[in-house]
Amino acid sequence: MDLYYDRPGESEAFRNGKLETQVLIIGAGSTGLAIARELSRYKVDVVVVDKHMEVCSGEVRGSHALIYSSVGLSWANSLILKSIQTPDVPPSKLFHRDSLKTRLTREGFDMFPAIAEELDIPFTSARRLVVAKTEDDFEGMKVLGEIWKSMDLSPEILDQEAITALEPHVSKEYTRGVTQVGDVGYCYPWDYGIALAENVVENGGRIILLAEVLGITPQNGGFTVDTARGSIKTRFIINAAGPYADEIAEMAGVKDFGLTFTRSQMLILDKSVGHLVKHVTCGVFRPGKSRLIRPTPSGNIEVLCSNYYPATYPEETTTKSEWLAENLAGMTEMFPELSKKDIITSFTGVRVFNTRDPGEHLFEVSAGNPNFLNAVTRLPGLAITPAAAKYMAGLLAEQGLELTEKPDFNPRRTNIPKFSDLPDEEKESLIAQDAKYGHIVCRCEGVTEGEILEAIRRGARTVAGVKYRTRAGMGRCQMDYCGTQIVEILAREMGIPEAQVLFKGFGPELVH
Amino acid sequence: MAYEEATPLDVAVIGGGPAGISACLELAKSNSLGVALFESQAQLGGMPQTCHYGFGMRDRKRFYTGPGYAKRLRSLVQQSDINICTDTTVVNIIPGSKEEPHRIKTTTKDGFKLYETRFILLSTGCYEDARPERLIPCKRPAGIYTVGQLQQMVNAQHLQPGRRALIIGSEHVALSCVLTLRRSGTSIAGMVEEDPELQTYASVAIPMSFFFRFPIYKNTTVDEVLGLERVEGVNLVTKGNEESFKVECDTVIITGKFRPISLLLDDIAIEQDPLSRGPVVDRNFMTSIPGIFAAGNVLRGADMNDLCALEGRRAAQGILKMLQGSQLEDANAITLKAEPPIRYVVPQKIVPAQMESPIFPWMSPGVSIQLEQTVRKPVIEAWAGNEQIWECSFSKIIARTRTLLPLKKFRWDRVAPKREIVLKIRGANN
């Protein structure tokens, strides 16, 4: 089974330990892949290794996928939480214009729409709406006002009528609100990651999957990295292993930070109620009162009304009934027309923070070894990735990596055609080209066999891989109808028995 | 339009399960009609194809196995003049008006097609709400299936889902699930029911649990499904106890909770019932849009296959009546509504004057209700505003078992036309 994107004949060299590269990126998440794409602009040898069977199998899948601007209402709103935690610091001092986080977020936010266009992924620039109803909320609103003044923001202030005009189905109890256009965006994080991966491979980068890093040996100005599939010699290592970044740093003997994790549970609601929420709507953040409801690019609704809780290890992504209850309570408080019946799935996402400075990302040349670079993002992670990638490339150049632009760099990638969204004429011509596009496999999302075959051609090897590339199984029946058909197609295309098809990554099979 | 205009149809039947096929057989009796049956799968037959014990008693007057029943229906419809379109997915319904016919769009491997049709019968069936809908706490490991997935896996693909499975829920379908699991060679770790009552016939479930040696955990809820990549066990909590206990298993089967597949109706202005989550229909199984009918499990989630067949037949008769010029809409129709724990009442619109009293109520696709859970000694009442017009006590009603309402016994003289009647269980909401 072909498990990675590579150049022909290289797997042999890899097995025999003869693979060499200039930059090795550990971790094929959105950070690692964004850096890989940035480096593939230049005449630089890049290899990305990941222990999973598919790219973007870690944190990215549980991300809440908002692209924040660093001088927006959402940013101000999230600073309120901080102002409550640090009562002695005046709110206006909380906004650090020059911090790395603010800078990268601002640059990343500005870059994102263009990148989404290049990578052909759905991206929505949205309006943020903050609503308030209790005295506590109004108090928070005042703090919010102070923060946004320090940011030179001028959002629009709303009364109850104006709120209803903007968001007709929000509870009528909300009497005050504030809104800002184009302050936030959203996409599907795995869409972004998968598109990045395809673009990296297109431009000559290599992504090796199922290659868990087992050991790192520093060697005359470089490293030998042993993975589960072979060893690689490299000059630079970029540690983008997310929740495992501390372990990777320890292997290289340069660990000078620890990691902590928080998690929160989210709900996805059915498309049939999708019209009820129009903007990214949230309450004034207070401790114990996270309220965020927004539409998704595909017309579902995402609910994050549960709090952030500590997690002890990165895979602690269990959902809990009390968090579900929290989410439900918050959801019906904000939008009384939504109900438990509309939920199609719930999931828990884990976020990573470094212990050295939990408020800041970790993008740096390691103090212990100048050829070892850390790239550990914190929240908000997705928005900064394009800017962070440029920043990391700059750090590499400072360390002596020669960055010469490749004349044939192709920034464009085309998405798998989305049959159900096409106009009738294009559907017709697609079926004429390939009859498999006439066979609908996932009926909730209208995904055709043609799309699934294309996903497999582009590297999907598991049921989850097909799901994240095509949306098959993400609809209201959650694979009840199409699950077995997807397994059948995967087995047929890969030439393996159905019993060996995997659900998500390595580990036990879907069936015995 | 880029695609070719197809021949106009008289009736388009969407969904080739028992309801759709039975409707076609009824329509085929009238030779001159242009009827097309659309099925998204390669083979007609629908849900019974992967079930063990099909039914067929109500409509075909003998017992069949599931696949046998599907085969029989299939061969009957293949002998008729019906135009059968398998591997064809209907993607859109565009309702017409009095002057204009309805239209449907389909995709097949040969392309995208538009049909004009005077009547549409929707018989798309139901699906099961999977784990997320029931929101069981877990890390989303592999090894959690619905009964539909299990049956497809075992009966169609001949795969073994796991080594040891825990069944969640104890409705009728859980019993079928026990047999399917045993047939695939999977042992059973137990059956979990959150209610103190079994939701199926105890006289069948309990002997079965002795025969296949598995415990039944009543009054117990799932605390967490363990495992990251694959199910490694399930923590259960019995109500009243703080402590959870672990059941070893590598597979979890979630049973019950069926929901109509009404995707095609989402985009059109058709009256839907929030309780049954399917379209609102009248005695002839016509929806709120004249000329569009719905029958079978698309009305309310799972019921017996042969009952769906009877409903399909009744809907076809309605279509034939309309073709002969009868007016089926009645402005004076009475609307039936229900309150939980009643799951649904179907059909929702009735005209008291048109009511029949079937000799064998069991064989009639009449107005019926189902309960959400098993209730002992329920008293079912019907209210028209503040006036009670009927009540009846039962010794026990088992969850998701059909109870036909004796509408003749309702005191219709006290009900004005166009009124709403609410069905409830006495003392249920206090």
# chains A, B, ... in the order shown; residues from 1 in each chain; ligands from 1
call {"tool": "closest_atom_pairs", "arguments": {"of": "chain A", "to": "chain B", "cutoff": "7 Å", "atoms": "only C-alpha atoms", "output": "JSON lines"}}
result
{"residue": "A:Ser272", "atom": "CA", "partner": "B:Asp266", "partner_atom": "CA", "distance": 6.7}
{"residue": "A:Thr317", "atom": "CA", "partner": "B:Lys139", "partner_atom": "CA", "distance": 5.3}
{"residue": "A:Thr318", "atom": "CA", "partner": "B:Lys139", "partner_atom": "CA", "distance": 4.2}
{"residue": "A:Thr319", "atom": "CA", "partner": "B:Pro137", "partner_atom": "CA", "distance": 4.6}
{"residue": "A:Lys320", "atom": "CA", "partner": "B:Pro137", "partner_atom": "CA", "distance": 4.9}
{"residue": "A:Ser321", "atom": "CA", "partner": "B:Pro137", "partner_atom": "CA", "distance": 6.2}
{"residue": "A:Ile343", "atom": "CA", "partner": "B:Glu133", "partner_atom": "CA", "distance": 6.2}
{"residue": "A:Ile344", "atom": "CA", "partner": "B:Glu133", "partner_atom": "CA", "distance": 5.3}
{"residue": "A:Thr345", "atom": "CA", "partner": "B:Pro132", "partner_atom": "CA", "distance": 4.5}
{"residue": "A:Ser346", "atom": "CA", "partner": "B:Pro132", "partner_atom": "CA", "distance": 6.2}
{"residue": "A:Glu425", "atom": "CA", "partner": "B:Ala2", "partner_atom": "CA", "distance": 5.5}
{"residue": "A:Glu428", "atom": "CA", "partner": "B:Phe112", "partner_atom": "CA", "distance": 5.4}
{"residue": "A:Ile431", "atom": "CA", "partner": "B:Gly111", "partner_atom": "CA", "distance": 5.5}
{"residue": "A:Ala432", "atom": "CA", "partner": "B:Gly111", "partner_atom": "CA", "distance": 6.6}
{"residue": "A:Ala435", "atom": "CA", "partner": "B:Lys109", "partner_atom": "CA", "distance": 4.5}
{"residue": "A:Lys436", "atom": "CA", "partner": "B:Lys109", "partner_atom": "CA", "distance": 6.1}
{"residue": "A:Tyr437", "atom": "CA", "partner": "B:Lys109", "partner_atom": "CA", "distance": 6.9}
{"residue": "A:Gly438", "atom": "CA", "partner": "B:Lys109", "partner_atom": "CA", "distance": 4.2}
{"residue": "A:His439", "atom": "CA", "partner": "B:Thr108", "partner_atom": "CA", "distance": 5.9}
{"residue": "A:Ile440", "atom": "CA", "partner": "B:Thr89", "partner_atom": "CA", "distance": 6.7}
{"residue": "A:Cys477", "atom": "CA", "partner": "B:Asp129", "partner_atom": "CA", "distance": 6.2}
{"residue": "A:Gln478", "atom": "CA", "partner": "B:Ala130", "partner_atom": "CA", "distance": 6.6}
{"residue": "A:Asp480", "atom": "CA", "partner": "B:Gln149", "partner_atom": "CA", "distance": 6.0}
{"residue": "A:Thr484", "atom": "CA", "partner": "B:Gln149", "partner_atom": "CA", "distance": 6.8}
{"residue": "A:Ala499", "atom": "CA", "partner": "B:Leu159", "partner_atom": "CA", "distance": 6.9}
{"residue": "A:Phe503", "atom": "CA", "partner": "B:Ala142", "partner_atom": "CA", "distance": 6.0}
{"residue": "A:Gly507", "atom": "CA", "partner": "B:Glu229", "partner_atom": "CA", "distance": 6.2}
{"residue": "A:Pro508", "atom": "CA", "partner": "B:Arg230", "partner_atom": "CA", "distance": 6.1}
{"residue": "A:Leu510", "atom": "CA", "partner": "B:Ala142", "partner_atom": "CA", "distance": 5.8}
{"residue": "A:Val511", "atom": "CA", "partner": "B:Pro161", "partner_atom": "CA", "distance": 4.7}
{"residue": "A:His512", "atom": "CA", "partner": "B:Gly162", "partner_atom": "CA", "distance": 5.2}
call {"tool": "select_by_dssp", "arguments": {"residues": "region 274-414 of chain A", "states": "strand (DSSP E or B)", "output": "PyMOL selection string"}}
result
chain A and resi 280-283+292-295+301-304+309-311+343-354+362-365+372-376+405
call {"tool": "write_last_selection", "arguments": {"atoms": "C-alpha atoms", "output": "PDB file, in the first residue's frame"}}
result
ATOM      1  CA  VAL A 280     -20.723  34.572  14.213  1.00  0.00           C
ATOM      2  CA  THR A 281     -22.810  35.331  17.288  1.00  0.00           C
ATOM      3  CA  CYS A 282     -21.422  35.259  20.783  1.00  0.00           C
ATOM      4  CA  GLY A 283     -22.146  36.463  24.252  1.00  0.00           C
ATOM      5  CA  LEU A 292     -20.418  31.133  20.545  1.00  0.00           C
ATOM      6  CA  ILE A 293     -22.724  30.017  17.759  1.00  0.00           C
ATOM      7  CA  ARG A 294     -21.854  30.342  14.110  1.00  0.00           C
ATOM      8  CA  PRO A 295     -22.697  28.975  10.685  1.00  0.00           C
ATOM      9  CA  ILE A 301     -24.322  25.403  12.670  1.00  0.00           C
ATOM     10  CA  GLU A 302     -21.489  25.027  15.120  1.00  0.00           C
ATOM     11  CA  VAL A 303     -22.130  25.564  18.818  1.00  0.00           C
ATOM     12  CA  LEU A 304     -19.412  26.229  21.379  1.00  0.00           C
ATOM     13  CA  TYR A 309     -11.404  22.406  30.662  1.00  0.00           C
ATOM     14  CA  PRO A 310      -7.918  21.112  31.361  1.00  0.00           C
ATOM     15  CA  ALA A 311      -6.854  17.941  29.599  1.00  0.00           C
ATOM     16  CA  ILE A 343     -27.685  17.951  16.856  1.00  0.00           C
ATOM     17  CA  ILE A 344     -25.973  15.663  14.390  1.00  0.00           C
ATOM     18  CA  THR A 345     -22.657  15.253  16.120  1.00  0.00           C
ATOM     19  CA  SER A 346     -20.539  16.488  18.984  1.00  0.00           C
ATOM     20  CA  PHE A 347     -16.800  16.397  19.433  1.00  0.00           C
ATOM     21  CA  THR A 348     -14.093  17.597  21.787  1.00  0.00           C
ATOM     22  CA  GLY A 349     -11.087  19.548  20.591  1.00  0.00           C
ATOM     23  CA  VAL A 350      -7.783  19.882  22.424  1.00  0.00           C
ATOM     24  CA  ARG A 351      -5.677  23.063  22.334  1.00  0.00           C
ATOM     25  CA  VAL A 352      -1.988  23.244  23.174  1.00  0.00           C
ATOM     26  CA  PHE A 353      -0.228  25.898  25.243  1.00  0.00           C
ATOM     27  CA  ASN A 354       3.447  26.043  26.092  1.00  0.00           C
ATOM     28  CA  LEU A 362       6.547  29.380  20.338  1.00  0.00           C
ATOM     29  CA  PHE A 363       8.336  30.223  17.111  1.00  0.00           C
ATOM     30  CA  GLU A 364      12.035  30.248  17.761  1.00  0.00           C
ATOM     31  CA  VAL A 365      15.447  28.792  17.183  1.00  0.00           C
ATOM     32  CA  PHE A 372      16.548  22.864  15.757  1.00  0.00           C
ATOM     33  CA  LEU A 373      13.546  25.193  15.480  1.00  0.00           C
ATOM     34  CA  ASN A 374      10.335  25.072  17.468  1.00  0.00           C
ATOM     35  CA  ALA A 375       6.981  25.940  15.891  1.00  0.00           C
ATOM     36  CA  VAL A 376       4.293  25.374  18.474  1.00  0.00           C
ATOM     37  CA  GLU A 405      13.085  31.409  -5.226  1.00  0.00           C
TER      38      GLU A 405
END
call {"tool": "select_by_dssp", "arguments": {"residues": "region 96-343 of chain A", "states": "alpha helix (DSSP H)", "output": "ChimeraX atom specification"}}
result
/A:100-119,135-150,160-166,189-202,245-251,321-334
call {"tool": "atom_distance", "arguments": {"atom1": "CA of Ser123 (chain B)", "atom2": "CA of Lys271 (chain A)"}}
result
21.7 Å
call {"tool": "residues_around", "arguments": {"residues": "Gly359 (chain A)", "least_positions_apart": "6", "cutoff": "9 Å", "atoms": "only C-alpha atoms", "output": "list of chain:residue names"}}
result
A:Lys101, A:Phe353, A:Arg378, A:Leu379
call {"tool": "write_last_selection", "arguments": {"atoms": "N, CA and C atoms", "output": "PDB file, in the first residue's frame"}}
result
ATOM      1  N   LYS A 101       2.275  37.383  18.788  1.00  0.00           N
ATOM      2  CA  LYS A 101       0.945  36.823  18.548  1.00  0.00           C
ATOM      3  C   LYS A 101       0.080  37.812  17.762  1.00  0.00           C
ATOM      4  N   PHE A 353      -0.890  24.676  24.770  1.00  0.00           N
ATOM      5  CA  PHE A 353      -0.228  25.898  25.243  1.00  0.00           C
ATOM      6  C   PHE A 353       1.145  25.517  25.767  1.00  0.00           C
ATOM      7  N   ARG A 378      -0.357  28.265  19.630  1.00  0.00           N
ATOM      8  CA  ARG A 378      -1.405  28.213  20.631  1.00  0.00           C
ATOM      9  C   ARG A 378      -2.662  28.741  19.950  1.00  0.00           C
ATOM     10  N   LEU A 379      -3.707  28.950  20.713  1.00  0.00           N
ATOM     11  CA  LEU A 379      -4.926  29.561  20.211  1.00  0.00           C
ATOM     12  C   LEU A 379      -4.666  31.056  19.947  1.00  0.00           C
TER      13      LEU A 379
END
call {"tool": "residues_around", "arguments": {"residues": "Thr217 (chain A)", "least_positions_apart": "5", "cutoff": "9 Å", "atoms": "only C-alpha atoms", "output": "VMD selection string"}}
result
chain A and resid 222 to 226 251 to 253
call {"tool": "residues_around", "arguments": {"residues": "Ser364 (chain B)", "least_positions_apart": "6", "cutoff": "9 Å", "atoms": "only C-alpha atoms", "output": "list in words"}}
result
Arg58, Leu307, Leu310, Glu311, Pro358 and Leu404 of chain B
call {"tool": "closest_residue", "arguments": {"among": "A:Glu454, A:Glu12, A:Asp45, A:Asp183", "to": "Pro155 (chain A)", "atoms": "only C-alpha atoms"}}
result
A:Asp183
call {"tool": "atom_distance", "arguments": {"atom1": "CA of Tyr481 (chain A)", "atom2": "CA of Gly465 (chain A)"}}
result
17.5 Å
call {"tool": "residues_around", "arguments": {"residues": "region 406-423 of chain B", "least_positions_apart": "3", "cutoff": "9 Å", "atoms": "only C-alpha atoms", "output": "ChimeraX atom specification"}}
result
/B:331-339,342,345,351-352,355-357,361,367-368,380-385,387-391
call {"tool": "residues_around", "arguments": {"residues": "Val204 (chain B)", "least_positions_apart": "3", "cutoff": "12 Å", "atoms": "only C-alpha atoms", "output": "PyMOL selection string"}}
result
chain B and resi 170-172+174-176+178+198-201+207-211
call {"tool": "closest_residue", "arguments": {"among": "B:Gly169, B:Pro67, B:Pro279, B:Gly56", "to": "Leu44 (chain B)", "atoms": "only C-alpha atoms"}}
result
B:Pro67
call {"tool": "closest_residue", "arguments": {"among": "B:Leu25, B:Met286, B:Pro101, B:Glu116", "to": "Pro8 (chain B)", "atoms": "only C-alpha atoms"}}
result
B:Glu116
